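K.L.:
Please find one structure pasted underneath; my questions will follow.
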Amino acid sequence: MNDVSTEQGGFTTVSGKKINELYTPLDLDGSNYSSQLGFPGEYPYTRGIHPTMYRGRLWTMRQFSGFGSAEDTNKRYKYLLSHGQTGLSVAFHLPTLMGIDSDNPLAEGEIGKCGVAIDSLADMEILFDKIPLDKISTSMTINPPAAVLWAMYIAVAEKQGVSPRVISGTIQNDILKEYIAQKTFVFPPKPSMKLIVDTFEYGAKEVPRWNTISISGYHIREAGSTAVQELAFTLRDGIEYVEWAQKRGLDVDEFVPRLSFFFNAHNDFFEEIAKFRAARRIWAEVMKHRFKAKNPRSLWLRFHTQTSGASLMAQQPQNNVIRVALQALSAVLGGTQSLHTNSLDETYALPSEDAVTIALRTQQVIAHESGVINSADPLGGSYFIEALTAQMEKEAKDYIQKIDDMGGMVKAIELGFPQKEIADSAYWYQKAVEKKEKIIVGVNAFEMDHEPIPTLKIKDTVAQQQLDRLKKVKKARNHSEVKTQLLDLKKAAEDDQNLMPFLLGCVKTYTTLGEIMDALKDIYGEYKESITY
Amino acid sequence: MAEKKIRVLVAKPGLDGHDRGAKVISRSLRDAGFEVIYTGLRRTPEEIVSSAIQEDVDVIGLSILSGAHNVLFPKVMELLKEKGADDITVIAGGVIPDKDIPFLKKIGVAETFLPGSSTEDIVRWIQENVKSASVKEMT
């Protein structure tokens with residue numbers, strides 16, 4: 001935790017990084033424009049991956065959403081698309097995220113609560129009913145069962161008459177940050193990494209416009225890391241995936257262009273902008289020199305950003321609109337490719353339609369009113385921004401070296417290293433807030449009572465509806481087909497074949513997510529974490 | 001006789017993996033001199049209650065961010081009663097809408113700590129409202 005200052009009242013970032021009172025040309029000593037910055041669209045892409053950035057195309061406004069039944073969420077998607085949202089982002093309920101069906105006893109109380117309930121292809125068909133999958137790109141936040149949900153999406157597209165070659169979107173599919181931070185894991189690391197490499201391989205051949213992974217710092221940051229830890233662990237995760245895929249014999253220039261990233265936009269405005277710029281520079285260098293990539297697209301770090309959920313406050317929740325606006329602006333000034341803005345009521349519940357509309361409007365105001373899109377990387381060349389970018393780059397590389405020395409990220413996770421670093425930072429931050437070294441408006445300063453705000457309530461009928469549908473689906477399908485597909489899947493897993501074709505076979509017969517995951521658990525076992533705090 | 005330390009079980013029911021709060025609170029309570037047992041993720045009400053009894057705790061702190069509190073908390077409370085362990089004080093934190101709090105209080109959750117609560121407040125609340133089992137026996 002070299003990142004953390006405990007000075008009372010010191011001028012530090014939200015991560016505890018000390019900031020000088022003034023930056024001058026002396027802070028850029030030794031820096032070289034063409035090798036460290038370059039023009040937007042040129043190596044090392046510090047200033048952005050496209051020459052004209054948002055003049056050519058705005059970022060995709062992609063609000064993460066899903067709740068209740070597939071019907072409810074389908075309605076919300078149509079609402080968002082009709083209000084100018086340009087891409088979909090699916091939030092699944094927790095049983096789906098964990099790869100269990102709604103009728104599993106562990107799902108009690110959780111059905112439709114945190115996202116939409118998907119047990120089988122039947123639910124997925126309703127979720128995307130009358131949404132043209134050849135025109136809309138869809139991001140799916142799903143990890144251990146990512147390959148299964150992706151197979152369902154491909155199957156729905158085929159039913160709409162849309163070829164897998166034209167669909168576009170993203171599966172999160174990033175298991176390493178699950179072990180590190182978000183903790184939605186099922187299988188142990190080795191088979192999990194195998195499944196992910198399967199999707200890289202299959203995607204490169206059959207679904208060429210799909211991002212087969214979204215390597216995520218978001219959850220690492222939400223779990224309490226500093227900005228540098230988010231940057232370092234995320235990029236080191238990226239390196240780990242590339243290494244495992246190379247071991248399979250995949251050519252970096254074939255699959256790396258489909259890797260995407262996902263970062264957090266937290267409160268500290270300039271630190272976040274510097275983080276995004278440093279991320280692009282490090283990744284371009286890693287791909288060029290460490291992995292000898294030749295395809296320029298392999299060097300591009302493309303990323304989605306979500307504003308920080310953990311920075312939202314329950315006290316005076318309207319203030320969250322301002323936090324979100326500043327965070328969103330940092331993501332745009334940092335060159336994000338897509339953006340989710342949080343809603344003001346999310347410390348209480350999933351967002352109401354009114355709250356989510358303000359969040360979307362926040363992006364539209366930045367895009368169409370503020371003028372920040374007119375010029376690429378408008379802060380490039382600022383003494384402060386460039387010095388901070390270089391400093392974060394250096395500190396992130398130190399972490400990356402440390403994890404290399406441990407033998408890679410899977411090893412580091414087994415040692416509990418990133419988990420412990422994050423827990424320490426989270427603890428430090430909480431104490432800093434309680435000592436008022438860090439001020440949070442409305443929480444430890446400027447406090448006042450506020451009226452309760454209206455929040456979204458998930459209908460109590462959702463659970464029963466979902467259980468009824470699941471029962472119906474199980475009854476109507478061809479049982480011997482389901483059995484055969486599951487046996488084939490297990491055999492393929494034992495023989496270490498690419499599982500994607502077998503998963504497609506399973507989902508098309510309405511084999512449920514839980515049945516598929518249980519079959520794989522029989523072969524792969526389950527992960528148990530050791531607890532660090 | 002030295003005063004026995006207050007024992008706290010920090011428990012995560014529900015399927016969500018958000019353990020930042022549970023871990024920060026576990027460490028803060030430990031630093032404040034309590035004995036802390038953290039269950040780890042995704043524990044059923046049955047597992048939580050049986051750990052609480054086995055570990056002979058004075059307090060259970062439930063942390064949940066999945067939205068399943070209205071289903072899972074009543075189960076914890078019923079099981080405690082069933083097993084004759086309803087002298088254990090239950091407190092809760094996480095993403096809990098204001099409008100659910102009266103119901104949770106009614107079923108016996110002694111206090112809820114929402115986002116933005118300080119760990120010092122939680123420590124103070126426990127010190128003021130909970131006595132360790134050995135003290136209870138003496139009084």
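Convention: chains lettered A, B, ... in structure tokens order; per-chain residue numbering from 1; ligands numbered from 1 as shown.
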Give me, as a Markdown table, each residue of chain B that comes within 6 Å of chain A, together with its shortest interatomic pair and the distance in Å at one decimal, counting only C-alpha atoms, with rows ordered by chain and rising residue number.
P.N.:
| residue | atom | partner | partner_atom | distance |
| --- | --- | --- | --- | --- |
| B:Gly17 | CA | A:Lys183 | CA | 4.8 |
| B:Arg20 | CA | A:Ala223 | CA | 5.3 |
| B:Lys23 | CA | A:Tyr533 | CA | 5.5 |
| B:Val24 | CA | A:Tyr427 | CA | 5.5 |
| B:Gly67 | CA | A:Lys113 | CA | 5.9 |
| B:Ala68 | CA | A:Gly109 | CA | 4.7 |
| B:Val71 | CA | A:Gly109 | CA | 5.3 |
| B:Val95 | CA | A:Tyr348 | CA | 5.4 |
| B:Ile96 | CA | A:Tyr348 | CA | 5.7 |
| B:Pro97 | CA | A:Tyr348 | CA | 4.7 |
| B:Pro115 | CA | A:Ala314 | CA | 5.9 |
K.L.:
Hey, what does DSSP flag as alpha helix (DSSP H) within range 305-411 of chain A? Can you give it to me as number ranges by chain?
P.N.:
A: 319-333, 353-368, 383-406, 409-411
K.L.:
Of the candidates A:His289, A:Lys475, A:Phe67, A:Met409, which shows the shortest atom-to-atom distance to Lys177 in chain A, using only C-alpha atoms?
P.N.:
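Between A:His289, A:Lys475, A:Phe67, A:Met409, the residue approaching Lys177 in chain A most closely is A:Met409.
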K.L.:
Please provide as a PDB file with all heavy atoms, in the first residue's frame all residues within 9 Å of range 121-135 of chain B, with the sequence filter that same-chain residues fewer than 2 positions apart are discarded (counting only C-alpha atoms).
P.N.:
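The resulting file, result_33.pdb, is shown below:
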ATOM      1  N   GLU B   3     -13.364  -9.937  32.095  1.00  0.00           N
ATOM      2  CA  GLU B   3     -14.606  -9.864  31.331  1.00  0.00           C
ATOM      3  C   GLU B   3     -14.425 -10.564  29.982  1.00  0.00           C
ATOM      4  O   GLU B   3     -13.416 -10.364  29.304  1.00  0.00           O
ATOM      5  CB  GLU B   3     -15.008  -8.405  31.095  1.00  0.00           C
ATOM      6  CG  GLU B   3     -16.447  -8.302  30.657  1.00  0.00           C
ATOM      7  CD  GLU B   3     -16.833  -6.878  30.287  1.00  0.00           C
ATOM      8  OE1 GLU B   3     -16.234  -5.943  30.841  1.00  0.00           O
ATOM      9  OE2 GLU B   3     -17.706  -6.730  29.435  1.00  0.00           O
ATOM     10  N   LYS B   4     -15.390 -11.392  29.668  1.00  0.00           N
ATOM     11  CA  LYS B   4     -15.310 -12.116  28.397  1.00  0.00           C
ATOM     12  C   LYS B   4     -15.573 -11.157  27.242  1.00  0.00           C
ATOM     13  O   LYS B   4     -16.419 -10.277  27.342  1.00  0.00           O
ATOM     14  CB  LYS B   4     -16.339 -13.240  28.397  1.00  0.00           C
ATOM     15  CG  LYS B   4     -15.763 -14.556  27.909  1.00  0.00           C
ATOM     16  CD  LYS B   4     -16.811 -15.639  27.948  1.00  0.00           C
ATOM     17  CE  LYS B   4     -17.044 -16.174  26.552  1.00  0.00           C
ATOM     18  NZ  LYS B   4     -18.330 -16.811  26.391  1.00  0.00           N
ATOM     19  N   LYS B   5     -14.850 -11.374  26.156  1.00  0.00           N
ATOM     20  CA  LYS B   5     -15.054 -10.494  25.000  1.00  0.00           C
ATOM     21  C   LYS B   5     -16.384 -10.795  24.330  1.00  0.00           C
ATOM     22  O   LYS B   5     -16.830 -11.945  24.313  1.00  0.00           O
ATOM     23  CB  LYS B   5     -13.946 -10.737  23.977  1.00  0.00           C
ATOM     24  CG  LYS B   5     -12.618 -10.125  24.371  1.00  0.00           C
ATOM     25  CD  LYS B   5     -11.609 -10.383  23.272  1.00  0.00           C
ATOM     26  CE  LYS B   5     -10.298  -9.697  23.572  1.00  0.00           C
ATOM     27  NZ  LYS B   5      -9.300  -9.980  22.544  1.00  0.00           N
ATOM     28  N   ILE B   6     -16.984  -9.756  23.760  1.00  0.00           N
ATOM     29  CA  ILE B   6     -18.212  -9.947  22.975  1.00  0.00           C
ATOM     30  C   ILE B   6     -17.843 -10.685  21.689  1.00  0.00           C
ATOM     31  O   ILE B   6     -16.858 -10.356  21.026  1.00  0.00           O
ATOM     32  CB  ILE B   6     -18.864  -8.582  22.653  1.00  0.00           C
ATOM     33  CG1 ILE B   6     -19.385  -7.956  23.946  1.00  0.00           C
ATOM     34  CG2 ILE B   6     -19.971  -8.734  21.621  1.00  0.00           C
ATOM     35  CD1 ILE B   6     -19.973  -6.559  23.768  1.00  0.00           C
ATOM     36  N   ARG B   7     -18.642 -11.707  21.373  1.00  0.00           N
ATOM     37  CA  ARG B   7     -18.355 -12.505  20.168  1.00  0.00           C
ATOM     38  C   ARG B   7     -19.371 -12.183  19.072  1.00  0.00           C
ATOM     39  O   ARG B   7     -20.581 -12.178  19.305  1.00  0.00           O
ATOM     40  CB  ARG B   7     -18.409 -14.000  20.501  1.00  0.00           C
ATOM     41  CG  ARG B   7     -17.253 -14.439  21.400  1.00  0.00           C
ATOM     42  CD  ARG B   7     -17.459 -15.850  21.917  1.00  0.00           C
ATOM     43  NE  ARG B   7     -17.364 -16.873  20.874  1.00  0.00           N
ATOM     44  CZ  ARG B   7     -16.221 -17.338  20.391  1.00  0.00           C
ATOM     45  NH1 ARG B   7     -15.071 -16.874  20.823  1.00  0.00           N
ATOM     46  NH2 ARG B   7     -16.215 -18.273  19.468  1.00  0.00           N
ATOM     47  N   ILE B  25     -15.997  -4.498   8.099  1.00  0.00           N
ATOM     48  CA  ILE B  25     -16.636  -4.510   9.422  1.00  0.00           C
ATOM     49  C   ILE B  25     -16.003  -5.583  10.311  1.00  0.00           C
ATOM     50  O   ILE B  25     -15.725  -5.343  11.490  1.00  0.00           O
ATOM     51  CB  ILE B  25     -18.164  -4.667   9.277  1.00  0.00           C
ATOM     52  CG1 ILE B  25     -18.725  -3.304   8.848  1.00  0.00           C
ATOM     53  CG2 ILE B  25     -18.809  -5.151  10.568  1.00  0.00           C
ATOM     54  CD1 ILE B  25     -20.097  -3.311   8.300  1.00  0.00           C
ATOM     55  N   SER B  28     -12.819  -4.119  11.520  1.00  0.00           N
ATOM     56  CA  SER B  28     -13.043  -3.009  12.457  1.00  0.00           C
ATOM     57  C   SER B  28     -13.491  -3.524  13.826  1.00  0.00           C
ATOM     58  O   SER B  28     -13.048  -3.022  14.857  1.00  0.00           O
ATOM     59  CB  SER B  28     -14.113  -2.058  11.923  1.00  0.00           C
ATOM     60  OG  SER B  28     -13.705  -1.519  10.696  1.00  0.00           O
ATOM     61  N   LEU B  29     -14.358  -4.528  13.819  1.00  0.00           N
ATOM     62  CA  LEU B  29     -14.844  -5.073  15.090  1.00  0.00           C
ATOM     63  C   LEU B  29     -13.708  -5.783  15.825  1.00  0.00           C
ATOM     64  O   LEU B  29     -13.577  -5.679  17.046  1.00  0.00           O
ATOM     65  CB  LEU B  29     -16.010  -6.038  14.858  1.00  0.00           C
ATOM     66  CG  LEU B  29     -17.289  -5.443  14.237  1.00  0.00           C
ATOM     67  CD1 LEU B  29     -18.369  -6.511  14.093  1.00  0.00           C
ATOM     68  CD2 LEU B  29     -17.815  -4.264  15.045  1.00  0.00           C
ATOM     69  N   ALA B  32     -11.598  -3.336  17.395  1.00  0.00           N
ATOM     70  CA  ALA B  32     -12.247  -2.706  18.548  1.00  0.00           C
ATOM     71  C   ALA B  32     -12.285  -3.651  19.755  1.00  0.00           C
ATOM     72  O   ALA B  32     -12.848  -3.312  20.791  1.00  0.00           O
ATOM     73  CB  ALA B  32     -13.665  -2.283  18.174  1.00  0.00           C
ATOM     74  N   PHE B  34     -13.517  -6.951  19.799  1.00  0.00           N
ATOM     75  CA  PHE B  34     -14.480  -8.063  19.788  1.00  0.00           C
ATOM     76  C   PHE B  34     -13.810  -9.311  19.221  1.00  0.00           C
ATOM     77  O   PHE B  34     -12.818  -9.227  18.500  1.00  0.00           O
ATOM     78  CB  PHE B  34     -15.702  -7.721  18.918  1.00  0.00           C
ATOM     79  CG  PHE B  34     -16.445  -6.488  19.348  1.00  0.00           C
ATOM     80  CD1 PHE B  34     -16.891  -5.572  18.409  1.00  0.00           C
ATOM     81  CD2 PHE B  34     -16.717  -6.259  20.694  1.00  0.00           C
ATOM     82  CE1 PHE B  34     -17.588  -4.431  18.790  1.00  0.00           C
ATOM     83  CE2 PHE B  34     -17.415  -5.121  21.078  1.00  0.00           C
ATOM     84  CZ  PHE B  34     -17.838  -4.200  20.128  1.00  0.00           C
ATOM     85  N   ASP B  56     -21.097 -19.834  19.861  1.00  0.00           N
ATOM     86  CA  ASP B  56     -21.593 -19.180  21.068  1.00  0.00           C
ATOM     87  C   ASP B  56     -21.454 -17.656  20.983  1.00  0.00           C
ATOM     88  O   ASP B  56     -20.877 -17.018  21.861  1.00  0.00           O
ATOM     89  CB  ASP B  56     -20.812 -19.732  22.281  1.00  0.00           C
ATOM     90  CG  ASP B  56     -21.445 -19.302  23.595  1.00  0.00           C
ATOM     91  OD1 ASP B  56     -22.656 -18.996  23.580  1.00  0.00           O
ATOM     92  OD2 ASP B  56     -20.729 -19.251  24.607  1.00  0.00           O
ATOM     93  N   VAL B  57     -21.986 -17.089  19.918  1.00  0.00           N
ATOM     94  CA  VAL B  57     -21.808 -15.649  19.719  1.00  0.00           C
ATOM     95  C   VAL B  57     -22.895 -14.853  20.439  1.00  0.00           C
ATOM     96  O   VAL B  57     -23.972 -15.381  20.753  1.00  0.00           O
ATOM     97  CB  VAL B  57     -21.815 -15.266  18.215  1.00  0.00           C
ATOM     98  CG1 VAL B  57     -20.668 -15.953  17.495  1.00  0.00           C
ATOM     99  CG2 VAL B  57     -23.151 -15.565  17.556  1.00  0.00           C
ATOM    100  N   ASP B  58     -22.592 -13.578  20.650  1.00  0.00           N
ATOM    101  CA  ASP B  58     -23.549 -12.664  21.264  1.00  0.00           C
ATOM    102  C   ASP B  58     -24.322 -11.879  20.209  1.00  0.00           C
ATOM    103  O   ASP B  58     -25.426 -11.417  20.457  1.00  0.00           O
ATOM    104  CB  ASP B  58     -22.814 -11.675  22.172  1.00  0.00           C
ATOM    105  CG  ASP B  58     -21.914 -12.402  23.156  1.00  0.00           C
ATOM    106  OD1 ASP B  58     -22.448 -13.120  24.001  1.00  0.00           O
ATOM    107  OD2 ASP B  58     -20.672 -12.293  23.035  1.00  0.00           O
ATOM    108  N   VAL B  59     -23.678 -11.704  19.063  1.00  0.00           N
ATOM    109  CA  VAL B  59     -24.259 -10.873  18.010  1.00  0.00           C
ATOM    110  C   VAL B  59     -24.090 -11.574  16.662  1.00  0.00           C
ATOM    111  O   VAL B  59     -23.045 -12.180  16.400  1.00  0.00           O
ATOM    112  CB  VAL B  59     -23.524  -9.515  17.908  1.00  0.00           C
ATOM    113  CG1 VAL B  59     -24.191  -8.606  16.868  1.00  0.00           C
ATOM    114  CG2 VAL B  59     -23.456  -8.808  19.244  1.00  0.00           C
ATOM    115  N   ILE B  88     -29.548 -14.074  21.045  1.00  0.00           N
ATOM    116  CA  ILE B  88     -28.485 -13.490  20.214  1.00  0.00           C
ATOM    117  C   ILE B  88     -29.039 -12.245  19.518  1.00  0.00           C
ATOM    118  O   ILE B  88     -30.120 -12.282  18.924  1.00  0.00           O
ATOM    119  CB  ILE B  88     -27.982 -14.498  19.153  1.00  0.00           C
ATOM    120  CG1 ILE B  88     -27.404 -15.743  19.852  1.00  0.00           C
ATOM    121  CG2 ILE B  88     -26.951 -13.856  18.235  1.00  0.00           C
ATOM    122  CD1 ILE B  88     -26.977 -16.841  18.885  1.00  0.00           C
ATOM    123  N   THR B  89     -28.305 -11.151  19.625  1.00  0.00           N
ATOM    124  CA  THR B  89     -28.743  -9.903  18.996  1.00  0.00           C
ATOM    125  C   THR B  89     -28.417  -9.957  17.497  1.00  0.00           C
ATOM    126  O   THR B  89     -27.303 -10.317  17.114  1.00  0.00           O
ATOM    127  CB  THR B  89     -27.988  -8.709  19.612  1.00  0.00           C
ATOM    128  OG1 THR B  89     -28.182  -8.751  21.020  1.00  0.00           O
ATOM    129  CG2 THR B  89     -28.475  -7.382  19.047  1.00  0.00           C
ATOM    130  N   GLU B 111     -31.144  -3.660  14.754  1.00  0.00           N
ATOM    131  CA  GLU B 111     -30.749  -2.396  14.133  1.00  0.00           C
ATOM    132  C   GLU B 111     -30.266  -2.669  12.708  1.00  0.00           C
ATOM    133  O   GLU B 111     -29.745  -3.751  12.421  1.00  0.00           O
ATOM    134  CB  GLU B 111     -29.627  -1.738  14.961  1.00  0.00           C
ATOM    135  CG  GLU B 111     -29.324  -0.293  14.606  1.00  0.00           C
ATOM    136  CD  GLU B 111     -30.548   0.624  14.648  1.00  0.00           C
ATOM    137  OE1 GLU B 111     -31.234   0.726  13.594  1.00  0.00           O
ATOM    138  OE2 GLU B 111     -30.824   1.223  15.713  1.00  0.00           O
ATOM    139  N   PHE B 113     -27.842  -0.987   9.575  1.00  0.00           N
ATOM    140  CA  PHE B 113     -26.807   0.007   9.255  1.00  0.00           C
ATOM    141  C   PHE B 113     -26.686   0.098   7.741  1.00  0.00           C
ATOM    142  O   PHE B 113     -26.240  -0.837   7.085  1.00  0.00           O
ATOM    143  CB  PHE B 113     -25.482  -0.400   9.899  1.00  0.00           C
ATOM    144  CG  PHE B 113     -25.528  -0.378  11.396  1.00  0.00           C
ATOM    145  CD1 PHE B 113     -25.831  -1.537  12.113  1.00  0.00           C
ATOM    146  CD2 PHE B 113     -25.308   0.804  12.096  1.00  0.00           C
ATOM    147  CE1 PHE B 113     -25.898  -1.517  13.497  1.00  0.00           C
ATOM    148  CE2 PHE B 113     -25.374   0.830  13.488  1.00  0.00           C
ATOM    149  CZ  PHE B 113     -25.668  -0.337  14.191  1.00  0.00           C
ATOM    150  N   SER B 117     -22.878   4.236   6.852  1.00  0.00           N
ATOM    151  CA  SER B 117     -22.728   4.095   8.309  1.00  0.00           C
ATOM    152  C   SER B 117     -21.246   3.983   8.634  1.00  0.00           C
ATOM    153  O   SER B 117     -20.490   3.384   7.883  1.00  0.00           O
ATOM    154  CB  SER B 117     -23.399   2.809   8.807  1.00  0.00           C
ATOM    155  OG  SER B 117     -24.727   2.754   8.405  1.00  0.00           O
ATOM    156  N   SER B 118     -20.847   4.512   9.778  1.00  0.00           N
ATOM    157  CA  SER B 118     -19.430   4.387  10.118  1.00  0.00           C
ATOM    158  C   SER B 118     -19.231   3.144  10.975  1.00  0.00           C
ATOM    159  O   SER B 118     -20.121   2.727  11.714  1.00  0.00           O
ATOM    160  CB  SER B 118     -18.939   5.650  10.827  1.00  0.00           C
ATOM    161  OG  SER B 118     -19.149   5.536  12.214  1.00  0.00           O
ATOM    162  N   THR B 119     -18.050   2.561  10.857  1.00  0.00           N
ATOM    163  CA  THR B 119     -17.759   1.360  11.652  1.00  0.00           C
ATOM    164  C   THR B 119     -17.734   1.724  13.136  1.00  0.00           C
ATOM    165  O   THR B 119     -18.063   0.905  13.978  1.00  0.00           O
ATOM    166  CB  THR B 119     -16.421   0.732  11.237  1.00  0.00           C
ATOM    167  OG1 THR B 119     -15.386   1.706  11.392  1.00  0.00           O
ATOM    168  CG2 THR B 119     -16.454   0.268   9.793  1.00  0.00           C
ATOM    169  N   GLU B 137     -24.947 -14.127  32.128  1.00  0.00           N
ATOM    170  CA  GLU B 137     -25.183 -15.184  33.111  1.00  0.00           C
ATOM    171  C   GLU B 137     -25.099 -14.659  34.542  1.00  0.00           C
ATOM    172  O   GLU B 137     -25.819 -15.086  35.417  1.00  0.00           O
ATOM    173  CB  GLU B 137     -24.142 -16.310  32.940  1.00  0.00           C
ATOM    174  CG  GLU B 137     -24.562 -17.305  31.855  1.00  0.00           C
ATOM    175  CD  GLU B 137     -23.381 -18.026  31.262  1.00  0.00           C
ATOM    176  OE1 GLU B 137     -22.367 -18.192  31.973  1.00  0.00           O
ATOM    177  OE2 GLU B 137     -23.463 -18.415  30.090  1.00  0.00           O
ATOM    178  N   MET B 138     -24.168 -13.687  34.729  1.00  0.00           N
ATOM    179  CA  MET B 138     -23.966 -13.184  36.084  1.00  0.00           C
ATOM    180  C   MET B 138     -25.105 -12.276  36.535  1.00  0.00           C
ATOM    181  O   MET B 138     -25.366 -12.171  37.716  1.00  0.00           O
ATOM    182  CB  MET B 138     -22.649 -12.424  36.175  1.00  0.00           C
ATOM    183  CG  MET B 138     -21.454 -13.375  36.142  1.00  0.00           C
ATOM    184  SD  MET B 138     -19.909 -12.547  36.503  1.00  0.00           S
ATOM    185  CE  MET B 138     -19.730 -11.451  35.132  1.00  0.00           C
ATOM    186  N   THR B 139     -25.742 -11.609  35.603  1.00  0.00           N
ATOM    187  CA  THR B 139     -26.760 -10.637  36.016  1.00  0.00           C
ATOM    188  C   THR B 139     -28.139 -11.277  36.152  1.00  0.00           C
ATOM    189  O   THR B 139     -28.363 -12.385  35.750  1.00  0.00           O
ATOM    190  CB  THR B 139     -26.867  -9.471  35.015  1.00  0.00           C
ATOM    191  OG1 THR B 139     -26.999 -10.032  33.724  1.00  0.00           O
ATOM    192  CG2 THR B 139     -25.682  -8.575  35.112  1.00  0.00           C
TER     193      THR B 139
END
K.L.:
Compile the contact shell of Leu41 in chain B as a list in words: residues with an atom at most 8 Å away, counting only C-alpha atoms, same-chain residues fewer than 5 positions apart removed.
P.N.:
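Contacts, in chain order: Ala11, Lys12, Pro13, Leu15, Asp16, Gly17 and Asp19 of chain B.
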